[in-house]
Each structure stands twice: as C-alpha cells, then as structure tokens.
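Below you'll find the structure, written out as structure tokens, and then a few comments.
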2 protein chains.
Amino acid sequence: MEKFKILEIKANIFEDNKKEADILRDELKENKTFLLNLMSSPGSGKTTTLRRTIASLKDEYRIGIMEADIDSDVDAKTIEETGAKVIQLHTGGMCHLDCSMTRQGLEGLGTKDLDLVVLENIGNLVCPAEFDTGATKNAMILSVPEGDDKPLKYPLMFQICDALLINKIDVLPYFDFDIEECTKRAKRLNPNIKVFPVSSRTGEGFDAWLNWLREEANKNVR
Amino acid sequence: MEKFKILEIKANIFEDNKKEADILRDELKENKTFLLNLMSSPGSGKTTTLRRTIASLKDEYRIGIMEADIDSDVDAKTIEETGAKVIQLHTGGMCHLDCSMTRQGLEGLGTKDLDLVVLENIGNLVCPAEFDTGATKNAMILSVPEGDDKPLKYPLMFQICDALLINKIDVLPYFDFDIEECTKRAKRLNPNIKVFPVSSRTGEGFDAWLNWLREEANKNVR
C-alpha cells in the first residue's frame, strides 16, 4: 500500500502565468524552499536521476518530490522507496504544468517541513518549456540515445533551462553522440546553461551536478 | 542548396477536427494516396526509420515525406538525400499537427504524383496523440533506451496507433527492456496494435514492418 497522495490537478489559466510564477518564486524564497523543475523527453532517466540525487542529498536537505504524469503512478512508487516525501500529480491529459498547477501540487505535498522540492514534469521537450511553473530553477535531461542534435530541434527548452544533464554517458560507446558538439549547440542558444555529463545509473559525473544543485538550493534554504 | 520547401503552417481550429480528419482520409483514398502519421518521442529514430523505409520501398511506390518540426530543417536535409520528395513544415511552436495543418502540408507537398506519404510528426508522445491528422494509419516508434514502461505512462498514444515499432533492438544488451512485457502492456491498451521489434540502424526485423506497410498502403494505392 503506497502512502503517497494522488492529486488530480486542473489547469486554471491565469491571465498572466509569468506574473503568477514570479509571485510563487518569491514566496518559495521567503519560505526557504528551493523548487527545481526537472524536464526531459520520456525515457531520458528523470526518475533514476532523482533517485540518485535523493540518495546523495537526503542527509543535507529535507526533500520532497512532485511526480507529474498524465496517468499512472509508477514513478511515485519508485521514488517513495527512497524515503523522500512524494505526491503524484495527475494532469488529466495535459502535456505540461503551469504555475497554478504547480501551486496546487505544492499545497498538496505540503512544503513546511521541506527544503528542496523537485517537480518531475511531464515527459515532453516541447510544451513544458512554454510555461513558467514558478520554480526557482529549471533543469533538463537529454540522454545520449536521443542524439546530440536535439538543441537544434527543441531550442526553447534549452533556452529556458539553467542546467542540462547529458545522461546515460555509460552507453556512449554504442551511440553516435558528440558531447562537445551538443554542449556548443546548447550554449549557442543559452550561454549561461551549465552542462553536466552524467550517468545516473553508474554515478559518473554526478558530483558536479550535486554541487551545482547544493549551491543553488542554498541561496533559498540557508 | 536544398531543394525542399519550408512551409510555416498555422493552427486553424476546426469545430470538429475529427470530422475534418474523416473527410481528409476519404479524399486520400479516393486520390489513391496512403498517408502514414509517424509519431514518437524526440530521438527514438523516426528519421533513421524513414530513411531505411524509403530505401526499401522507393522502387515500388512514389514516396513523399512531410517533416514537421518546431524549428530547424535537419531532418528534411537528411531525408532529401534519399531522393524522396520532401517538405519541411514549421509549426511555429505548436506541439502537434491537427488535420488542417496536415492538409496545408499535403497541399504544399503536392500529392498528385505520390502514392505513399509519411508525416513525421513533432517528437512528442503526448499532444500528437490527441489530434487526428486525417492520416490513413498511425504508427509510433518506442526505442529501447526509453524503457518498456512507456505504455503505462503515455497510454493514449498506444491506443490510437495501428503499428508500434520497438526500435534500437541492436542495443538491447545494454538496457533493461523486456520486449514481451512491453508488447503485453501495449496490447492491453490496444489489442489490435501490430508490434514490430526493429533496428533501423542494422535493418533487423525490418521486413515484417515493410510488409505491414505495403499491405496497408495497397488498400489505398492499388
């Protein structure tokens, strides 16, 4: 029997989602909560990355996870095993979360006893990039099997993210993926983006990602 | 210098997209054109699959390809090398194609001298499933690195597709992917879905896919 809640969240289009997002971001800072919005294609390793991140940081931060999915709760079950506080958000077919949906999720999760909250957004490189969730920072995962041309094809996602994890580097020998070229393409769209080649399966490259996350989280939490 | 056109298509929400789609499907049949709507996540191998499909069938059918992308024309360039007739559709940020956008694409491509047209839809497992493009048949690609749990998380896509290609089976040894389990999950959602494990890189399993495509295309074309 799972202990996590399942919440049906509803779109509630604000006239100005961006303005609402800025308000939420300020509130989070005031309440000493850091919210990371984690985005990617389906199957790039968001949940595996989260599991390793939680395992590495759970003694330093009180961590909560919002698992957004159109349907199912397979990811919430996996995350619950880590001991983090989890809520499953069902978007009822919606392909992204806006700020009002994120706020409903935060209220459902309860953030009073949490320092670091991660929103695992819907697996989609298109729509989630278009809606500011109000998160403190945005991160995305691109996995090696997806190909190094993705910045060319989904530019907005790379433009709005503060961090890019290039995941599954343990399978680099079996794919035609040029990390340097991919990094160049991402930086051409967004010169400030931080790029972390990692393997969430083996842990390779993970320290640099964790250090970035600590540094950013501490600006709100400490 | 590329020879293909780049067309900026615009959403033109019909009151009843489904009805318009049925009309387009009938017109295509009348004009002896078969239209396949090919969908998947970013990076699952749509373009590589198309290249091999064109190379295998170009002596049997006159083939045209509509490359839908938010931005860029990298795929259209790749496809043009095969000798197929190509048009690049830019959706201006839209995450899917509806029937009116598909019709604009077909008119831009010109289908009078074509038997088999493939729409390479936006890389997205969510939104394209919600809009009937008017295509004769729908196919999707799920690649091994994405994981065998995707039918649980993106059920609508599996429900509306006539064929599922499980691609990149050449890298099965390096991933935890159970083809049998994935097939069961897909068939639970859609008992009629045809499942084709393939490697578009090596050609493994490709004959079964081509035979299905021939059989379906001939219902319109011959």
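Scheme for the structure tokens: letters A, B, ... for chains in order shown; per-chain residue numbers from 1; ligand numbers from 1 in order shown.
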Taking 6 positions as the minimum chain separation for residues in the same chain, which residues sit within 9 Å of region 25-34 of chain A when counting only C-alpha atoms? Answer as a PDB file with all heavy atoms, in the first residue's frame.
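Writing the result to selection20.pdb gives the following:
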ATOM      1  N   THR A 111       4.829  21.966   2.074  1.00  0.00           N
ATOM      2  CA  THR A 111       6.260  22.266   1.965  1.00  0.00           C
ATOM      3  C   THR A 111       6.846  22.825   3.259  1.00  0.00           C
ATOM      4  O   THR A 111       8.026  23.179   3.298  1.00  0.00           O
ATOM      5  CB  THR A 111       6.506  23.294   0.834  1.00  0.00           C
ATOM      6  OG1 THR A 111       5.719  24.459   1.102  1.00  0.00           O
ATOM      7  CG2 THR A 111       6.124  22.709  -0.510  1.00  0.00           C
ATOM      8  N   LYS A 112       6.049  22.889   4.319  1.00  0.00           N
ATOM      9  CA  LYS A 112       6.536  23.498   5.569  1.00  0.00           C
ATOM     10  C   LYS A 112       7.789  22.813   6.097  1.00  0.00           C
ATOM     11  O   LYS A 112       8.691  23.461   6.603  1.00  0.00           O
ATOM     12  CB  LYS A 112       5.430  23.430   6.631  1.00  0.00           C
ATOM     13  CG  LYS A 112       4.626  24.714   6.727  1.00  0.00           C
ATOM     14  CD  LYS A 112       3.802  24.767   7.995  1.00  0.00           C
ATOM     15  CE  LYS A 112       2.918  26.013   7.989  1.00  0.00           C
ATOM     16  NZ  LYS A 112       1.839  25.917   8.973  1.00  0.00           N
ATOM     17  N   LEU A 114       9.922  21.042   4.305  1.00  0.00           N
ATOM     18  CA  LEU A 114      10.800  20.658   3.188  1.00  0.00           C
ATOM     19  C   LEU A 114      11.745  21.795   2.804  1.00  0.00           C
ATOM     20  O   LEU A 114      11.375  22.962   2.853  1.00  0.00           O
ATOM     21  CB  LEU A 114       9.963  20.271   1.966  1.00  0.00           C
ATOM     22  CG  LEU A 114       9.070  19.029   2.126  1.00  0.00           C
ATOM     23  CD1 LEU A 114       8.250  18.804   0.857  1.00  0.00           C
ATOM     24  CD2 LEU A 114       9.900  17.780   2.445  1.00  0.00           C
ATOM     25  N   ASP A 115      12.985  21.423   2.422  1.00  0.00           N
ATOM     26  CA  ASP A 115      13.954  22.413   1.933  1.00  0.00           C
ATOM     27  C   ASP A 115      14.017  22.400   0.405  1.00  0.00           C
ATOM     28  O   ASP A 115      14.051  23.426  -0.246  1.00  0.00           O
ATOM     29  CB  ASP A 115      15.366  22.081   2.446  1.00  0.00           C
ATOM     30  CG  ASP A 115      15.398  21.908   3.949  1.00  0.00           C
ATOM     31  OD1 ASP A 115      14.893  22.808   4.652  1.00  0.00           O
ATOM     32  OD2 ASP A 115      15.921  20.880   4.416  1.00  0.00           O
ATOM     33  N   LEU A 116      14.078  21.191  -0.127  1.00  0.00           N
ATOM     34  CA  LEU A 116      14.369  21.005  -1.547  1.00  0.00           C
ATOM     35  C   LEU A 116      13.223  20.217  -2.161  1.00  0.00           C
ATOM     36  O   LEU A 116      12.959  19.079  -1.772  1.00  0.00           O
ATOM     37  CB  LEU A 116      15.691  20.230  -1.669  1.00  0.00           C
ATOM     38  CG  LEU A 116      16.152  19.750  -3.026  1.00  0.00           C
ATOM     39  CD1 LEU A 116      16.246  20.877  -4.037  1.00  0.00           C
ATOM     40  CD2 LEU A 116      17.522  19.053  -2.914  1.00  0.00           C
ATOM     41  N   VAL A 117      12.509  20.852  -3.098  1.00  0.00           N
ATOM     42  CA  VAL A 117      11.393  20.175  -3.766  1.00  0.00           C
ATOM     43  C   VAL A 117      11.717  20.072  -5.249  1.00  0.00           C
ATOM     44  O   VAL A 117      12.201  21.028  -5.856  1.00  0.00           O
ATOM     45  CB  VAL A 117      10.068  20.940  -3.566  1.00  0.00           C
ATOM     46  CG1 VAL A 117       8.918  20.239  -4.303  1.00  0.00           C
ATOM     47  CG2 VAL A 117       9.738  21.068  -2.083  1.00  0.00           C
ATOM     48  N   VAL A 118      11.472  18.896  -5.825  1.00  0.00           N
ATOM     49  CA  VAL A 118      11.670  18.718  -7.256  1.00  0.00           C
ATOM     50  C   VAL A 118      10.337  18.370  -7.902  1.00  0.00           C
ATOM     51  O   VAL A 118       9.625  17.475  -7.432  1.00  0.00           O
ATOM     52  CB  VAL A 118      12.701  17.611  -7.573  1.00  0.00           C
ATOM     53  CG1 VAL A 118      12.942  17.525  -9.079  1.00  0.00           C
ATOM     54  CG2 VAL A 118      14.010  17.853  -6.842  1.00  0.00           C
ATOM     55  N   THR A 133       6.676  27.531 -14.430  1.00  0.00           N
ATOM     56  CA  THR A 133       5.975  26.863 -13.321  1.00  0.00           C
ATOM     57  C   THR A 133       6.095  27.644 -12.021  1.00  0.00           C
ATOM     58  O   THR A 133       5.413  27.330 -11.052  1.00  0.00           O
ATOM     59  CB  THR A 133       6.574  25.473 -13.067  1.00  0.00           C
ATOM     60  OG1 THR A 133       7.970  25.636 -12.759  1.00  0.00           O
ATOM     61  CG2 THR A 133       6.412  24.554 -14.269  1.00  0.00           C
ATOM     62  N   GLY A 134       7.008  28.631 -11.996  1.00  0.00           N
ATOM     63  CA  GLY A 134       7.303  29.325 -10.748  1.00  0.00           C
ATOM     64  C   GLY A 134       8.463  28.691 -10.001  1.00  0.00           C
ATOM     65  O   GLY A 134       8.808  29.126  -8.896  1.00  0.00           O
ATOM     66  N   ALA A 135       9.066  27.693 -10.597  1.00  0.00           N
ATOM     67  CA  ALA A 135      10.199  27.025  -9.951  1.00  0.00           C
ATOM     68  C   ALA A 135      11.375  27.991  -9.802  1.00  0.00           C
ATOM     69  O   ALA A 135      11.537  28.915 -10.604  1.00  0.00           O
ATOM     70  CB  ALA A 135      10.637  25.812 -10.763  1.00  0.00           C
ATOM     71  N   THR A 136      12.219  27.749  -8.781  1.00  0.00           N
ATOM     72  CA  THR A 136      13.393  28.565  -8.559  1.00  0.00           C
ATOM     73  C   THR A 136      14.375  28.400  -9.721  1.00  0.00           C
ATOM     74  O   THR A 136      14.930  29.375 -10.230  1.00  0.00           O
ATOM     75  CB  THR A 136      14.078  28.165  -7.242  1.00  0.00           C
ATOM     76  OG1 THR A 136      13.089  27.880  -6.247  1.00  0.00           O
ATOM     77  CG2 THR A 136      14.998  29.257  -6.762  1.00  0.00           C
ATOM     78  N   LYS A 137      14.575  27.156 -10.141  1.00  0.00           N
ATOM     79  CA  LYS A 137      15.465  26.868 -11.271  1.00  0.00           C
ATOM     80  C   LYS A 137      14.861  25.780 -12.147  1.00  0.00           C
ATOM     81  O   LYS A 137      14.094  24.938 -11.672  1.00  0.00           O
ATOM     82  CB  LYS A 137      16.840  26.396 -10.753  1.00  0.00           C
ATOM     83  CG  LYS A 137      17.657  27.475 -10.057  1.00  0.00           C
ATOM     84  CD  LYS A 137      18.249  28.473 -11.052  1.00  0.00           C
ATOM     85  CE  LYS A 137      18.771  29.727 -10.348  1.00  0.00           C
ATOM     86  NZ  LYS A 137      19.263  30.731 -11.301  1.00  0.00           N
ATOM     87  N   GLU A 216      22.810  26.237  -5.656  1.00  0.00           N
ATOM     88  CA  GLU A 216      21.572  26.944  -5.999  1.00  0.00           C
ATOM     89  C   GLU A 216      20.541  26.820  -4.879  1.00  0.00           C
ATOM     90  O   GLU A 216      19.877  27.805  -4.526  1.00  0.00           O
ATOM     91  CB  GLU A 216      20.987  26.406  -7.314  1.00  0.00           C
ATOM     92  CG  GLU A 216      21.841  26.684  -8.543  1.00  0.00           C
ATOM     93  CD  GLU A 216      22.078  28.185  -8.769  1.00  0.00           C
ATOM     94  OE1 GLU A 216      21.186  28.981  -8.457  1.00  0.00           O
ATOM     95  OE2 GLU A 216      23.166  28.531  -9.243  1.00  0.00           O
ATOM     96  N   ALA A 217      20.413  25.620  -4.322  1.00  0.00           N
ATOM     97  CA  ALA A 217      19.438  25.407  -3.245  1.00  0.00           C
ATOM     98  C   ALA A 217      19.768  26.286  -2.031  1.00  0.00           C
ATOM     99  O   ALA A 217      18.890  26.890  -1.425  1.00  0.00           O
ATOM    100  CB  ALA A 217      19.395  23.931  -2.849  1.00  0.00           C
ATOM    101  N   ASN A 218      21.059  26.380  -1.727  1.00  0.00           N
ATOM    102  CA  ASN A 218      21.454  27.119  -0.520  1.00  0.00           C
ATOM    103  C   ASN A 218      21.091  28.606  -0.593  1.00  0.00           C
ATOM    104  O   ASN A 218      20.945  29.266   0.430  1.00  0.00           O
ATOM    105  CB  ASN A 218      22.946  26.943  -0.256  1.00  0.00           C
ATOM    106  CG  ASN A 218      23.244  25.528   0.244  1.00  0.00           C
ATOM    107  OD1 ASN A 218      22.313  24.788   0.593  1.00  0.00           O
ATOM    108  ND2 ASN A 218      24.514  25.166   0.288  1.00  0.00           N
ATOM    109  N   LYS A 219      20.966  29.125  -1.823  1.00  0.00           N
ATOM    110  CA  LYS A 219      20.574  30.545  -1.965  1.00  0.00           C
ATOM    111  C   LYS A 219      19.171  30.772  -1.401  1.00  0.00           C
ATOM    112  O   LYS A 219      18.849  31.871  -0.950  1.00  0.00           O
ATOM    113  CB  LYS A 219      20.612  30.947  -3.445  1.00  0.00           C
ATOM    114  CG  LYS A 219      22.023  31.020  -4.022  1.00  0.00           C
ATOM    115  CD  LYS A 219      21.988  31.373  -5.498  1.00  0.00           C
ATOM    116  CE  LYS A 219      23.360  31.166  -6.121  1.00  0.00           C
ATOM    117  NZ  LYS A 219      23.306  31.270  -7.605  1.00  0.00           N
ATOM    118  N   ASN A 220      18.326  29.737  -1.446  1.00  0.00           N
ATOM    119  CA  ASN A 220      16.984  29.866  -0.865  1.00  0.00           C
ATOM    120  C   ASN A 220      16.934  29.329   0.576  1.00  0.00           C
ATOM    121  O   ASN A 220      16.266  29.904   1.405  1.00  0.00           O
ATOM    122  CB  ASN A 220      15.956  29.059  -1.698  1.00  0.00           C
ATOM    123  CG  ASN A 220      15.324  29.880  -2.792  1.00  0.00           C
ATOM    124  OD1 ASN A 220      15.883  30.904  -3.183  1.00  0.00           O
ATOM    125  ND2 ASN A 220      14.196  29.456  -3.293  1.00  0.00           N
ATOM    126  N   VAL A 221      17.620  28.214   0.793  1.00  0.00           N
ATOM    127  CA  VAL A 221      17.382  27.414   2.003  1.00  0.00           C
ATOM    128  C   VAL A 221      18.186  27.906   3.199  1.00  0.00           C
ATOM    129  O   VAL A 221      17.687  27.948   4.324  1.00  0.00           O
ATOM    130  CB  VAL A 221      17.704  25.930   1.718  1.00  0.00           C
ATOM    131  CG1 VAL A 221      17.625  25.099   2.988  1.00  0.00           C
ATOM    132  CG2 VAL A 221      16.763  25.388   0.647  1.00  0.00           C
ATOM    133  N   ARG A 222      19.457  28.242   2.970  1.00  0.00           N
ATOM    134  CA  ARG A 222      20.329  28.584   4.112  1.00  0.00           C
ATOM    135  C   ARG A 222      20.220  30.066   4.468  1.00  0.00           C
ATOM    136  O   ARG A 222      20.059  30.905   3.610  1.00  0.00           O
ATOM    137  CB  ARG A 222      21.797  28.257   3.794  1.00  0.00           C
ATOM    138  CG  ARG A 222      22.048  26.844   3.334  1.00  0.00           C
ATOM    139  CD  ARG A 222      21.768  25.798   4.391  1.00  0.00           C
ATOM    140  NE  ARG A 222      22.070  24.446   3.893  1.00  0.00           N
ATOM    141  CZ  ARG A 222      21.403  23.340   4.278  1.00  0.00           C
ATOM    142  NH1 ARG A 222      20.415  23.387   5.134  1.00  0.00           N
ATOM    143  NH2 ARG A 222      21.770  22.162   3.796  1.00  0.00           N
TER     144      ARG A 222
END
key: Neighbours of chain A in chain B at 9 Å, counting only C-alpha atoms, as a VMD selection string   = chain B and resid 41 to 45 69 to 74 93 to 95 122 to 127 130 143 145 to 147 149 to 150 152 to 156 171 174
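Here CA of Leu38 (chain A) stands at a distance of 22.2 Å from CA of Phe177 (chain A).
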inquiry  = Give me, as a PyMOL selection string, all polymer residues having an atom no more than 8 Å from Ala139 (chain A), counting only C-alpha atoms and skipping those fewer than 3 positions away in the same chain.
reply    = chain A and resi 36-39+161-165
request  = Based on DSSP run over this structure's backbone, return all residues of region 18-217 of chain A in strand (DSSP E), as JSON, numbers by chain.
outcome  = {"A": [34, 35, 36, 37, 38, 39, 40, 63, 64, 65, 66, 67, 68, 69, 85, 86, 87, 88, 89, 90, 116, 117, 118, 119, 120, 137, 138, 139, 140, 141, 142, 143, 163, 164, 165, 166, 167, 194, 195, 196, 197]}
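The protein and nucleic acid residues lying at most 8 Å from Glu8 (chain A) are Leu89, His90, Thr91 and Gly92 of chain A, with only C-alpha atoms considered and sequence neighbours fewer than 6 positions away removed.
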Expected file: the selected residues, N, CA, C and O atoms, as an mmCIF file, in the first residue's frame:
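File produced: again.cif:
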data_model
loop_
_atom_site.group_PDB
_atom_site.id
_atom_site.type_symbol
_atom_site.label_atom_id
_atom_site.label_comp_id
_atom_site.auth_asym_id
_atom_site.auth_seq_id
_atom_site.Cartn_x
_atom_site.Cartn_y
_atom_site.Cartn_z
ATOM 1 N N LEU A 89 1.007 13.823 -9.099
ATOM 2 C CA LEU A 89 0.081 14.771 -9.722
ATOM 3 C C LEU A 89 -0.420 14.195 -11.041
ATOM 4 O O LEU A 89 0.386 13.814 -11.891
ATOM 5 N N HIS A 90 -1.708 14.118 -11.188
ATOM 6 C CA HIS A 90 -2.280 13.694 -12.468
ATOM 7 C C HIS A 90 -2.806 14.916 -13.198
ATOM 8 O O HIS A 90 -3.586 15.684 -12.647
ATOM 9 N N THR A 91 -2.363 15.092 -14.434
ATOM 10 C CA THR A 91 -2.711 16.315 -15.162
ATOM 11 C C THR A 91 -3.950 16.141 -16.027
ATOM 12 O O THR A 91 -4.322 17.075 -16.749
ATOM 13 N N GLY A 92 -4.538 14.972 -16.001
ATOM 14 C CA GLY A 92 -5.764 14.767 -16.792
ATOM 15 C C GLY A 92 -5.547 15.007 -18.272
ATOM 16 O O GLY A 92 -6.345 15.671 -18.914
#
task = Extract the full set of alpha helix (DSSP H) residues from region 7-213 of chain A according to DSSP on the backbone, and format it as a ChimeraX atom specification.
result = /A:17-30,46-57,74-80,99-109,150-153,155-160,179-189,206-213
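Between CA of Asp132 (chain A) and CA of Glu20 (chain A) there is a distance of 8.9 Å.
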